[in-house]
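The file start07.txt comes next; it holds compact mmCIF, N, CA and C atoms.
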# COMPACT_ATOMS: atom_id res chain seq x y z
N MET E 28 172.52 84.22 47.15
CA MET E 28 172.28 85.58 46.73
C MET E 28 173.48 86.15 45.96
N VAL E 29 174.69 85.85 46.43
CA VAL E 29 175.89 86.37 45.78
C VAL E 29 176.00 85.90 44.32
N PRO E 30 175.74 84.62 44.01
CA PRO E 30 175.82 84.21 42.62
C PRO E 30 174.84 84.97 41.71
N ILE E 31 173.65 85.26 42.24
CA ILE E 31 172.66 86.00 41.45
C ILE E 31 173.17 87.43 41.18
N LEU E 32 173.68 88.07 42.21
CA LEU E 32 174.19 89.44 42.06
C LEU E 32 175.39 89.47 41.13
N MET E 33 176.26 88.47 41.23
CA MET E 33 177.43 88.40 40.35
C MET E 33 176.97 88.18 38.91
N GLY E 34 175.96 87.36 38.72
CA GLY E 34 175.42 87.14 37.39
C GLY E 34 174.85 88.42 36.79
N ILE E 35 174.12 89.17 37.59
CA ILE E 35 173.58 90.45 37.12
C ILE E 35 174.73 91.38 36.73
N TYR E 36 175.77 91.41 37.56
CA TYR E 36 176.91 92.29 37.26
C TYR E 36 177.58 91.89 35.95
N LEU E 37 177.72 90.59 35.71
CA LEU E 37 178.37 90.13 34.48
C LEU E 37 177.54 90.45 33.24
N VAL E 38 176.21 90.36 33.37
CA VAL E 38 175.33 90.59 32.24
C VAL E 38 175.07 92.09 32.03
N HIS E 39 174.85 92.81 33.12
CA HIS E 39 174.50 94.23 33.00
C HIS E 39 175.07 95.00 34.20
N PRO E 40 176.36 95.36 34.15
CA PRO E 40 177.02 96.00 35.28
C PRO E 40 176.34 97.30 35.74
N ARG E 41 175.79 98.05 34.79
CA ARG E 41 175.16 99.32 35.19
C ARG E 41 173.98 99.08 36.14
N SER E 42 173.23 98.02 35.90
CA SER E 42 172.11 97.71 36.79
C SER E 42 172.60 97.39 38.19
N MET E 43 173.70 96.64 38.26
CA MET E 43 174.25 96.30 39.58
C MET E 43 174.75 97.55 40.29
N HIS E 44 175.43 98.44 39.55
CA HIS E 44 175.90 99.68 40.17
C HIS E 44 174.73 100.53 40.64
N ARG E 45 173.65 100.56 39.88
CA ARG E 45 172.48 101.33 40.31
C ARG E 45 171.90 100.74 41.58
N PHE E 46 171.79 99.40 41.63
CA PHE E 46 171.28 98.72 42.81
C PHE E 46 172.13 99.04 44.03
N VAL E 47 173.45 98.93 43.88
CA VAL E 47 174.36 99.21 45.00
C VAL E 47 174.27 100.70 45.38
N GLY E 48 174.13 101.57 44.39
CA GLY E 48 173.96 102.99 44.69
C GLY E 48 172.75 103.24 45.57
N TYR E 49 171.65 102.54 45.28
CA TYR E 49 170.46 102.70 46.12
C TYR E 49 170.65 102.09 47.51
N LEU E 50 171.38 100.98 47.60
CA LEU E 50 171.70 100.43 48.92
C LEU E 50 172.51 101.43 49.74
N GLU E 51 173.49 102.05 49.08
CA GLU E 51 174.30 103.06 49.75
C GLU E 51 173.45 104.26 50.15
N GLU E 52 172.49 104.62 49.32
CA GLU E 52 171.58 105.73 49.64
C GLU E 52 170.80 105.42 50.91
N THR E 53 170.36 104.17 51.04
CA THR E 53 169.67 103.76 52.26
C THR E 53 170.59 103.89 53.47
N ALA E 54 171.84 103.50 53.31
CA ALA E 54 172.80 103.64 54.41
C ALA E 54 172.99 105.12 54.76
N CYS E 55 173.02 105.99 53.76
CA CYS E 55 173.17 107.43 54.01
C CYS E 55 172.01 107.95 54.85
N HIS E 56 170.79 107.55 54.50
CA HIS E 56 169.63 107.99 55.27
C HIS E 56 169.71 107.47 56.71
N THR E 57 170.17 106.24 56.86
CA THR E 57 170.30 105.65 58.19
C THR E 57 171.31 106.41 59.03
N TYR E 58 172.50 106.66 58.47
CA TYR E 58 173.52 107.41 59.21
C TYR E 58 173.04 108.82 59.54
N ALA E 59 172.38 109.48 58.59
CA ALA E 59 171.88 110.84 58.84
C ALA E 59 170.89 110.84 60.00
N SER E 60 170.02 109.85 60.03
CA SER E 60 169.03 109.76 61.11
C SER E 60 169.70 109.50 62.46
N ILE E 61 170.66 108.59 62.48
CA ILE E 61 171.36 108.28 63.73
C ILE E 61 172.10 109.52 64.23
N ILE E 62 172.80 110.21 63.35
CA ILE E 62 173.56 111.40 63.75
C ILE E 62 172.61 112.48 64.25
N ARG E 63 171.49 112.68 63.54
CA ARG E 63 170.50 113.68 63.97
C ARG E 63 169.98 113.36 65.37
N HIS E 64 169.64 112.11 65.63
CA HIS E 64 169.16 111.72 66.96
C HIS E 64 170.25 111.86 68.01
N LEU E 65 171.46 111.48 67.64
CA LEU E 65 172.58 111.55 68.59
C LEU E 65 172.86 113.01 68.99
N GLU E 66 172.68 113.93 68.05
CA GLU E 66 172.98 115.34 68.33
C GLU E 66 171.79 116.11 68.89
N THR E 67 170.64 115.45 69.06
CA THR E 67 169.45 116.09 69.62
C THR E 67 169.41 115.83 71.12
N PRO E 68 169.61 116.89 71.93
CA PRO E 68 169.61 116.70 73.39
C PRO E 68 168.31 116.05 73.87
N GLY E 69 168.47 115.11 74.80
CA GLY E 69 167.34 114.45 75.41
C GLY E 69 166.90 113.16 74.75
N THR E 70 167.38 112.88 73.53
CA THR E 70 167.00 111.62 72.89
C THR E 70 167.78 110.48 73.53
N ASN E 71 167.29 109.27 73.36
CA ASN E 71 167.97 108.11 73.93
C ASN E 71 169.40 107.98 73.39
N LEU E 72 169.58 108.21 72.08
CA LEU E 72 170.92 108.11 71.52
C LEU E 72 171.83 109.20 72.05
N ASN E 73 171.30 110.39 72.25
CA ASN E 73 172.11 111.48 72.79
C ASN E 73 172.59 111.13 74.21
N VAL E 74 171.69 110.62 75.00
CA VAL E 74 172.04 110.25 76.38
C VAL E 74 173.06 109.12 76.39
N ALA E 75 172.86 108.12 75.54
CA ALA E 75 173.71 106.94 75.56
C ALA E 75 175.06 107.15 74.88
N TRP E 76 175.12 107.96 73.82
CA TRP E 76 176.32 108.00 72.99
C TRP E 76 177.04 109.34 72.93
N LYS E 77 176.48 110.41 73.49
CA LYS E 77 177.08 111.74 73.27
C LYS E 77 178.53 111.83 73.76
N ASP E 78 178.86 111.15 74.83
CA ASP E 78 180.22 111.23 75.37
C ASP E 78 181.07 110.00 75.07
N LEU E 79 180.54 109.11 74.26
CA LEU E 79 181.25 107.88 73.92
C LEU E 79 182.46 108.23 73.05
N PRO E 80 183.65 107.80 73.44
CA PRO E 80 184.84 108.13 72.64
C PRO E 80 184.88 107.32 71.34
N ALA E 81 185.54 107.88 70.36
CA ALA E 81 185.75 107.17 69.10
C ALA E 81 186.73 106.02 69.34
N PRO E 82 186.50 104.87 68.75
CA PRO E 82 187.44 103.76 68.92
C PRO E 82 188.81 104.12 68.32
N ALA E 83 189.84 103.55 68.89
CA ALA E 83 191.20 103.83 68.43
C ALA E 83 191.37 103.52 66.95
N ILE E 84 190.76 102.41 66.50
CA ILE E 84 190.90 102.04 65.09
C ILE E 84 190.27 103.10 64.18
N ALA E 85 189.17 103.70 64.61
CA ALA E 85 188.52 104.76 63.82
C ALA E 85 189.37 106.02 63.83
N ARG E 86 189.93 106.35 64.98
CA ARG E 86 190.81 107.54 65.06
C ARG E 86 192.00 107.38 64.11
N GLY E 87 192.55 106.18 64.06
CA GLY E 87 193.69 105.93 63.18
C GLY E 87 193.30 105.95 61.71
N TYR E 88 192.20 105.31 61.40
CA TYR E 88 191.78 105.19 60.00
C TYR E 88 191.42 106.55 59.40
N TRP E 89 190.65 107.34 60.14
CA TRP E 89 190.19 108.63 59.62
C TRP E 89 191.03 109.80 60.12
N LYS E 90 192.13 109.49 60.80
CA LYS E 90 193.03 110.53 61.33
C LYS E 90 192.28 111.54 62.19
N LEU E 91 191.46 111.00 63.09
CA LEU E 91 190.70 111.83 64.02
C LEU E 91 191.57 112.19 65.22
N PRO E 92 191.28 113.31 65.88
CA PRO E 92 192.06 113.68 67.06
C PRO E 92 191.82 112.70 68.21
N GLN E 93 192.71 112.72 69.15
CA GLN E 93 192.66 111.80 70.30
C GLN E 93 191.34 111.92 71.07
N ASP E 94 190.78 113.13 71.12
CA ASP E 94 189.54 113.35 71.89
C ASP E 94 188.27 113.19 71.05
N ALA E 95 188.38 112.58 69.87
CA ALA E 95 187.22 112.40 69.00
C ALA E 95 186.16 111.54 69.69
N LYS E 96 184.93 111.84 69.36
CA LYS E 96 183.78 111.11 69.92
C LYS E 96 183.20 110.15 68.88
N TRP E 97 182.32 109.27 69.35
CA TRP E 97 181.67 108.30 68.48
C TRP E 97 180.93 108.99 67.34
N VAL E 98 180.31 110.14 67.63
CA VAL E 98 179.58 110.87 66.58
C VAL E 98 180.54 111.30 65.46
N ASP E 99 181.79 111.61 65.79
CA ASP E 99 182.77 111.96 64.76
C ASP E 99 183.04 110.76 63.84
N THR E 100 183.10 109.58 64.44
CA THR E 100 183.26 108.35 63.66
C THR E 100 182.07 108.13 62.75
N LEU E 101 180.87 108.32 63.29
CA LEU E 101 179.66 108.14 62.48
C LEU E 101 179.63 109.12 61.31
N LYS E 102 180.09 110.34 61.52
CA LYS E 102 180.12 111.34 60.44
C LYS E 102 181.11 110.93 59.36
N CYS E 103 182.22 110.34 59.75
CA CYS E 103 183.18 109.84 58.75
C CYS E 103 182.60 108.67 57.97
N MET E 104 181.91 107.78 58.67
CA MET E 104 181.27 106.64 58.01
C MET E 104 180.19 107.14 57.04
N PHE E 105 179.44 108.15 57.45
CA PHE E 105 178.41 108.75 56.61
C PHE E 105 179.04 109.34 55.34
N ALA E 106 180.16 110.05 55.51
CA ALA E 106 180.85 110.63 54.35
C ALA E 106 181.31 109.53 53.39
N ASP E 107 181.84 108.43 53.92
CA ASP E 107 182.26 107.32 53.08
C ASP E 107 181.08 106.75 52.29
N GLU E 108 179.95 106.58 52.96
CA GLU E 108 178.77 106.03 52.30
C GLU E 108 178.26 106.96 51.20
N THR E 109 178.32 108.27 51.43
CA THR E 109 177.88 109.19 50.39
C THR E 109 178.79 109.09 49.16
N HIS E 110 180.08 108.91 49.42
CA HIS E 110 181.02 108.75 48.30
C HIS E 110 180.73 107.45 47.53
N HIS E 111 180.52 106.36 48.26
CA HIS E 111 180.21 105.08 47.62
C HIS E 111 178.92 105.20 46.80
N ARG E 112 177.93 105.88 47.37
CA ARG E 112 176.67 106.09 46.65
C ARG E 112 176.92 106.83 45.33
N ASP E 113 177.66 107.93 45.43
CA ASP E 113 177.91 108.74 44.23
C ASP E 113 178.71 107.99 43.18
N VAL E 114 179.72 107.23 43.61
CA VAL E 114 180.53 106.46 42.66
C VAL E 114 179.66 105.43 41.94
N ASN E 115 178.84 104.71 42.69
CA ASN E 115 178.01 103.68 42.05
C ASN E 115 176.97 104.28 41.13
N HIS E 116 176.36 105.39 41.50
CA HIS E 116 175.40 106.03 40.59
C HIS E 116 176.11 106.60 39.37
N THR E 117 177.34 107.08 39.54
CA THR E 117 178.12 107.55 38.39
C THR E 117 178.36 106.41 37.42
N PHE E 118 178.85 105.27 37.93
CA PHE E 118 179.10 104.12 37.06
C PHE E 118 177.82 103.61 36.41
N ALA E 119 176.70 103.69 37.12
CA ALA E 119 175.43 103.24 36.56
C ALA E 119 174.97 104.14 35.41
N SER E 120 175.39 105.38 35.42
CA SER E 120 174.97 106.34 34.40
C SER E 120 175.91 106.40 33.20
N MET E 121 177.05 105.74 33.29
CA MET E 121 178.05 105.81 32.22
C MET E 121 177.72 104.83 31.09
N LYS E 122 178.14 105.20 29.89
CA LYS E 122 178.06 104.28 28.76
C LYS E 122 179.28 103.36 28.80
N ASP E 123 179.21 102.25 28.10
CA ASP E 123 180.28 101.25 28.14
C ASP E 123 181.65 101.81 27.75
N ASP E 124 181.68 102.78 26.84
CA ASP E 124 182.97 103.30 26.38
C ASP E 124 183.37 104.63 27.03
N ASP E 125 182.62 105.07 28.06
CA ASP E 125 182.99 106.29 28.78
C ASP E 125 184.26 106.05 29.60
N PRO E 126 185.13 107.04 29.66
CA PRO E 126 186.33 106.87 30.50
C PRO E 126 185.97 106.92 31.98
N ASN E 127 186.71 106.20 32.77
CA ASN E 127 186.50 106.19 34.22
C ASN E 127 186.86 107.57 34.77
N PRO E 128 185.90 108.28 35.36
CA PRO E 128 186.19 109.63 35.83
C PRO E 128 187.06 109.68 37.09
N TYR E 129 187.29 108.54 37.72
CA TYR E 129 188.04 108.51 38.97
C TYR E 129 189.51 108.13 38.78
N VAL E 130 189.90 107.69 37.59
CA VAL E 130 191.25 107.21 37.37
C VAL E 130 192.29 108.31 37.58
N SER E 131 192.05 109.51 37.07
CA SER E 131 193.05 110.58 37.21
C SER E 131 193.29 110.92 38.67
N LYS E 132 192.25 110.90 39.48
CA LYS E 132 192.41 111.17 40.92
C LYS E 132 193.30 110.10 41.56
N HIS E 133 193.09 108.84 41.20
CA HIS E 133 193.91 107.77 41.76
C HIS E 133 195.36 107.88 41.30
N ARG E 134 195.56 108.28 40.05
CA ARG E 134 196.92 108.47 39.54
C ARG E 134 197.61 109.59 40.31
N GLU E 135 196.90 110.69 40.55
CA GLU E 135 197.48 111.80 41.31
C GLU E 135 197.84 111.35 42.72
N ASP E 136 196.95 110.61 43.36
CA ASP E 136 197.21 110.12 44.72
C ASP E 136 198.40 109.17 44.73
N ALA E 137 198.49 108.29 43.74
CA ALA E 137 199.61 107.35 43.67
C ALA E 137 200.92 108.08 43.46
N ALA E 138 200.93 109.07 42.58
CA ALA E 138 202.15 109.85 42.34
C ALA E 138 202.58 110.59 43.62
N ARG E 139 201.62 111.15 44.33
CA ARG E 139 201.93 111.84 45.59
C ARG E 139 202.51 110.86 46.61
N ALA E 140 201.94 109.67 46.68
CA ALA E 140 202.45 108.66 47.62
C ALA E 140 203.87 108.25 47.26
N TRP E 141 204.15 108.05 45.97
CA TRP E 141 205.51 107.69 45.55
C TRP E 141 206.50 108.79 45.90
N ARG E 142 206.11 110.05 45.70
CA ARG E 142 207.01 111.16 46.05
C ARG E 142 207.29 111.18 47.55
N LEU E 143 206.26 110.93 48.35
CA LEU E 143 206.46 110.88 49.80
C LEU E 143 207.42 109.77 50.18
N LEU E 144 207.26 108.59 49.57
CA LEU E 144 208.15 107.47 49.87
C LEU E 144 209.58 107.77 49.44
N GLU E 145 209.72 108.37 48.25
CA GLU E 145 211.07 108.71 47.78
C GLU E 145 211.74 109.70 48.73
N ASN E 146 211.01 110.71 49.17
CA ASN E 146 211.56 111.69 50.10
C ASN E 146 211.90 111.04 51.44
N GLN E 147 211.06 110.12 51.88
CA GLN E 147 211.32 109.41 53.13
C GLN E 147 212.58 108.56 53.00
N ASP E 148 212.72 107.86 51.87
CA ASP E 148 213.91 107.04 51.63
C ASP E 148 215.17 107.90 51.61
N LYS E 149 215.09 109.07 50.96
CA LYS E 149 216.24 109.97 50.90
C LYS E 149 216.61 110.46 52.30
N ALA E 150 215.60 110.81 53.09
CA ALA E 150 215.86 111.28 54.45
C ALA E 150 216.50 110.19 55.30
N GLU E 151 216.03 108.95 55.13
CA GLU E 151 216.61 107.83 55.87
C GLU E 151 218.05 107.58 55.43
N ALA E 152 218.31 107.72 54.13
CA ALA E 152 219.66 107.51 53.62
C ALA E 152 220.61 108.56 54.19
N VAL E 153 220.18 109.83 54.21
CA VAL E 153 221.01 110.90 54.77
C VAL E 153 221.25 110.65 56.25
N SER E 154 220.21 110.23 56.95
CA SER E 154 220.35 109.93 58.37
C SER E 154 221.34 108.80 58.58
N GLY E 155 221.29 107.78 57.72
CA GLY E 155 222.21 106.64 57.82
C GLY E 155 223.66 107.07 57.58
N LEU E 156 223.86 108.00 56.65
CA LEU E 156 225.21 108.51 56.37
C LEU E 156 225.77 109.26 57.57
N LYS E 157 224.90 110.01 58.22
CA LYS E 157 225.35 110.76 59.40
C LYS E 157 225.75 109.80 60.51
N ASP E 158 225.04 108.66 60.61
CA ASP E 158 225.38 107.69 61.65
C ASP E 158 226.72 107.02 61.40
N LEU E 159 227.17 106.98 60.13
CA LEU E 159 228.46 106.36 59.81
C LEU E 159 229.64 107.22 60.25
N LYS E 160 229.43 108.52 60.40
CA LYS E 160 230.53 109.42 60.75
C LYS E 160 230.96 109.27 62.16
In structure tokens, what does this structure look like?
Amino acid sequence: MVPILMGIYLVHPRSMHRFVGYLEETACHTYASIIRHLETPGTNLNVAWKDLPAPAIARGYWKLPQDAKWVDTLKCMFADETHHRDVNHTFASMKDDDPNPYVSKHREDAARAWRLLENQDKAEAVSGLKDLK
């Protein structure tokens, strides 16, 4: 299956992005349904999962509070899927010579990360100087 999908992407990338966008749309509907059932009192999912804590890896990845529940994790996963859906449908709708609309956001994020690292390095250097005294 992967070689066929890769071939489609090489020949007509917009078609592949549209296909993936629809797959992501299906995932969005699935997450929405699960969350709706989980938040509806008396349903099997509500009974089974309402008090289930969020896994530590999910709390770390999405910066959730220590008391986050599984439903909070599902909502973050749902948000990610909606973003993936939108990105793929955006790429499917673009012409070959259209600029990537997401590049400036990534550049801004990268610049912010570099500034944070530079400030962290400066703080560590100052701390190291104080230790020498």
- Task: Write out as number ranges by chain which residues come within 7 Å of Leu65 in chain E when counting only N, CA and C atoms, dropping same-chain ones fewer than 5 positions away.
- Result: E: 60, 70-74, 76-77
- Message: Just want the 7 Å neighbourhood of range 79-83 of chain E, counted on only N, CA and C atoms, with same-chain residues fewer than 6 positions away dropped. Output as a VMD selection string.
- Response: chain E and resid 94 to 100
Residues of range 44-108 of chain E that approach range 34-40 of chain E to 8 Å or less, counting all atoms listed in the file: could you list each one with the shortest pair of atoms and its distance in Å to one decimal, rows by chain and increasing residue number, as JSON lines?
{"residue": "E:His44", "atom": "N", "partner": "E:Pro40", "partner_atom": "C", "distance": 4.1}
{"residue": "E:Arg45", "atom": "N", "partner": "E:Pro40", "partner_atom": "C", "distance": 5.9}
{"residue": "E:Phe46", "atom": "N", "partner": "E:Pro40", "partner_atom": "C", "distance": 7.7}
- Item | One-decimal distance in Å that lies between CA of Met104 in chain E and CA of Ile84 in chain E | 12.8 Å
- Item | Å distance separating atom N of Ala119 in chain E from atom N of Ser42 in chain E, one decimal place |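 Distance reported for this atom pair: 6.8 Å.
Our summary of the geometry notes that CA of Phe118 in chain E is positioned 22.5 Å from atom N of Tyr58 in chain E.
Using all atoms listed in the file, the shortest contact distance between Ala54 in chain E and any of E:Tyr88, E:Ser120, E:Val29, E:Phe105 is found at E:Phe105.
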- Taking the backbone alone, and naming residues the way the document does, which bits of chain E are alpha helix (DSSP H) by DSSP, as a PyMOL selection string? chain E and resi 29-38+40-65+71-76+83-88+97-120+130-159
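With only C-alpha atoms as the atoms that count, the residue of E:Lys90, E:Met43, E:Leu32, E:Glu108 with the shortest distance to Thr57 in chain E is E:Glu108.
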Incomplete range 111-122 of chain E filled out to all heavy atoms as a PDB file, keeping the file's coordinate frame:
ATOM      1  N   HIS E 111     180.520 106.360  48.260  1.00  0.00           N
ATOM      2  CA  HIS E 111     180.210 105.080  47.620  1.00  0.00           C
ATOM      3  C   HIS E 111     178.920 105.200  46.800  1.00  0.00           C
ATOM      4  O   HIS E 111     178.832 104.675  45.674  1.00  0.00           O
ATOM      5  CB  HIS E 111     180.039 103.968  48.646  1.00  0.00           C
ATOM      6  CG  HIS E 111     181.252 103.721  49.470  1.00  0.00           C
ATOM      7  ND1 HIS E 111     181.195 103.108  50.694  1.00  0.00           N
ATOM      8  CD2 HIS E 111     182.558 104.020  49.275  1.00  0.00           C
ATOM      9  CE1 HIS E 111     182.404 103.028  51.211  1.00  0.00           C
ATOM     10  NE2 HIS E 111     183.253 103.581  50.357  1.00  0.00           N
ATOM     11  N   ARG E 112     177.930 105.880  47.370  1.00  0.00           N
ATOM     12  CA  ARG E 112     176.670 106.090  46.650  1.00  0.00           C
ATOM     13  C   ARG E 112     176.920 106.830  45.330  1.00  0.00           C
ATOM     14  O   ARG E 112     176.463 106.404  44.271  1.00  0.00           O
ATOM     15  CB  ARG E 112     175.711 106.900  47.532  1.00  0.00           C
ATOM     16  CG  ARG E 112     174.415 107.305  46.861  1.00  0.00           C
ATOM     17  CD  ARG E 112     173.788 108.512  47.530  1.00  0.00           C
ATOM     18  NE  ARG E 112     174.684 109.652  47.474  1.00  0.00           N
ATOM     19  CZ  ARG E 112     174.610 110.708  48.300  1.00  0.00           C
ATOM     20  NH1 ARG E 112     173.698 110.752  49.244  1.00  0.00           N
ATOM     21  NH2 ARG E 112     175.453 111.708  48.177  1.00  0.00           N
ATOM     22  N   ASP E 113     177.660 107.930  45.430  1.00  0.00           N
ATOM     23  CA  ASP E 113     177.910 108.740  44.230  1.00  0.00           C
ATOM     24  C   ASP E 113     178.710 107.990  43.180  1.00  0.00           C
ATOM     25  O   ASP E 113     178.425 108.088  41.982  1.00  0.00           O
ATOM     26  CB  ASP E 113     178.636 110.037  44.625  1.00  0.00           C
ATOM     27  CG  ASP E 113     177.785 110.938  45.509  1.00  0.00           C
ATOM     28  OD1 ASP E 113     176.560 110.709  45.603  1.00  0.00           O
ATOM     29  OD2 ASP E 113     178.349 111.869  46.117  1.00  0.00           O
ATOM     30  N   VAL E 114     179.720 107.230  43.610  1.00  0.00           N
ATOM     31  CA  VAL E 114     180.530 106.460  42.660  1.00  0.00           C
ATOM     32  C   VAL E 114     179.660 105.430  41.940  1.00  0.00           C
ATOM     33  O   VAL E 114     179.715 105.303  40.717  1.00  0.00           O
ATOM     34  CB  VAL E 114     181.726 105.785  43.374  1.00  0.00           C
ATOM     35  CG1 VAL E 114     182.364 104.720  42.487  1.00  0.00           C
ATOM     36  CG2 VAL E 114     182.755 106.822  43.785  1.00  0.00           C
ATOM     37  N   ASN E 115     178.840 104.710  42.690  1.00  0.00           N
ATOM     38  CA  ASN E 115     178.010 103.680  42.050  1.00  0.00           C
ATOM     39  C   ASN E 115     176.970 104.280  41.130  1.00  0.00           C
ATOM     40  O   ASN E 115     176.731 103.752  40.035  1.00  0.00           O
ATOM     41  CB  ASN E 115     177.367 102.779  43.110  1.00  0.00           C
ATOM     42  CG  ASN E 115     178.313 101.700  43.542  1.00  0.00           C
ATOM     43  OD1 ASN E 115     178.533 100.738  42.813  1.00  0.00           O
ATOM     44  ND2 ASN E 115     178.921 101.863  44.706  1.00  0.00           N
ATOM     45  N   HIS E 116     176.360 105.390  41.500  1.00  0.00           N
ATOM     46  CA  HIS E 116     175.400 106.030  40.590  1.00  0.00           C
ATOM     47  C   HIS E 116     176.110 106.600  39.370  1.00  0.00           C
ATOM     48  O   HIS E 116     175.551 106.598  38.268  1.00  0.00           O
ATOM     49  CB  HIS E 116     174.586 107.101  41.316  1.00  0.00           C
ATOM     50  CG  HIS E 116     173.487 106.541  42.167  1.00  0.00           C
ATOM     51  ND1 HIS E 116     172.545 105.657  41.685  1.00  0.00           N
ATOM     52  CD2 HIS E 116     173.175 106.732  43.474  1.00  0.00           C
ATOM     53  CE1 HIS E 116     171.704 105.329  42.644  1.00  0.00           C
ATOM     54  NE2 HIS E 116     172.072 105.969  43.751  1.00  0.00           N
ATOM     55  N   THR E 117     177.340 107.080  39.540  1.00  0.00           N
ATOM     56  CA  THR E 117     178.120 107.550  38.390  1.00  0.00           C
ATOM     57  C   THR E 117     178.360 106.410  37.420  1.00  0.00           C
ATOM     58  O   THR E 117     178.125 106.527  36.217  1.00  0.00           O
ATOM     59  CB  THR E 117     179.456 108.161  38.845  1.00  0.00           C
ATOM     60  OG1 THR E 117     179.190 109.303  39.652  1.00  0.00           O
ATOM     61  CG2 THR E 117     180.316 108.561  37.661  1.00  0.00           C
ATOM     62  N   PHE E 118     178.850 105.270  37.930  1.00  0.00           N
ATOM     63  CA  PHE E 118     179.100 104.120  37.060  1.00  0.00           C
ATOM     64  C   PHE E 118     177.820 103.610  36.410  1.00  0.00           C
ATOM     65  O   PHE E 118     177.827 103.160  35.262  1.00  0.00           O
ATOM     66  CB  PHE E 118     179.793 102.994  37.820  1.00  0.00           C
ATOM     67  CG  PHE E 118     181.246 103.255  38.109  1.00  0.00           C
ATOM     68  CD1 PHE E 118     181.841 102.735  39.245  1.00  0.00           C
ATOM     69  CD2 PHE E 118     182.025 104.013  37.258  1.00  0.00           C
ATOM     70  CE1 PHE E 118     183.186 102.964  39.516  1.00  0.00           C
ATOM     71  CE2 PHE E 118     183.371 104.252  37.514  1.00  0.00           C
ATOM     72  CZ  PHE E 118     183.948 103.725  38.644  1.00  0.00           C
ATOM     73  N   ALA E 119     176.700 103.690  37.120  1.00  0.00           N
ATOM     74  CA  ALA E 119     175.430 103.240  36.560  1.00  0.00           C
ATOM     75  C   ALA E 119     174.970 104.140  35.410  1.00  0.00           C
ATOM     76  O   ALA E 119     174.266 103.681  34.510  1.00  0.00           O
ATOM     77  CB  ALA E 119     174.355 103.209  37.646  1.00  0.00           C
ATOM     78  N   SER E 120     175.390 105.380  35.420  1.00  0.00           N
ATOM     79  CA  SER E 120     174.970 106.340  34.400  1.00  0.00           C
ATOM     80  C   SER E 120     175.910 106.400  33.200  1.00  0.00           C
ATOM     81  O   SER E 120     175.601 107.050  32.203  1.00  0.00           O
ATOM     82  CB  SER E 120     174.855 107.736  35.014  1.00  0.00           C
ATOM     83  OG  SER E 120     173.891 107.738  36.045  1.00  0.00           O
ATOM     84  N   MET E 121     177.050 105.740  33.290  1.00  0.00           N
ATOM     85  CA  MET E 121     178.050 105.810  32.220  1.00  0.00           C
ATOM     86  C   MET E 121     177.720 104.830  31.090  1.00  0.00           C
ATOM     87  O   MET E 121     177.125 103.780  31.326  1.00  0.00           O
ATOM     88  CB  MET E 121     179.437 105.477  32.789  1.00  0.00           C
ATOM     89  CG  MET E 121     179.962 106.528  33.741  1.00  0.00           C
ATOM     90  SD  MET E 121     181.473 106.012  34.602  1.00  0.00           S
ATOM     91  CE  MET E 121     182.580 105.714  33.245  1.00  0.00           C
ATOM     92  N   LYS E 122     178.140 105.200  29.890  1.00  0.00           N
ATOM     93  CA  LYS E 122     178.060 104.280  28.760  1.00  0.00           C
ATOM     94  C   LYS E 122     179.280 103.360  28.800  1.00  0.00           C
ATOM     95  O   LYS E 122     180.268 103.662  29.468  1.00  0.00           O
ATOM     96  CB  LYS E 122     178.017 105.072  27.459  1.00  0.00           C
ATOM     97  CG  LYS E 122     176.740 105.879  27.296  1.00  0.00           C
ATOM     98  CD  LYS E 122     176.685 106.535  25.946  1.00  0.00           C
ATOM     99  CE  LYS E 122     175.380 107.239  25.674  1.00  0.00           C
ATOM    100  NZ  LYS E 122     174.870 108.085  26.702  1.00  0.00           N
TER     101      LYS E 122
END
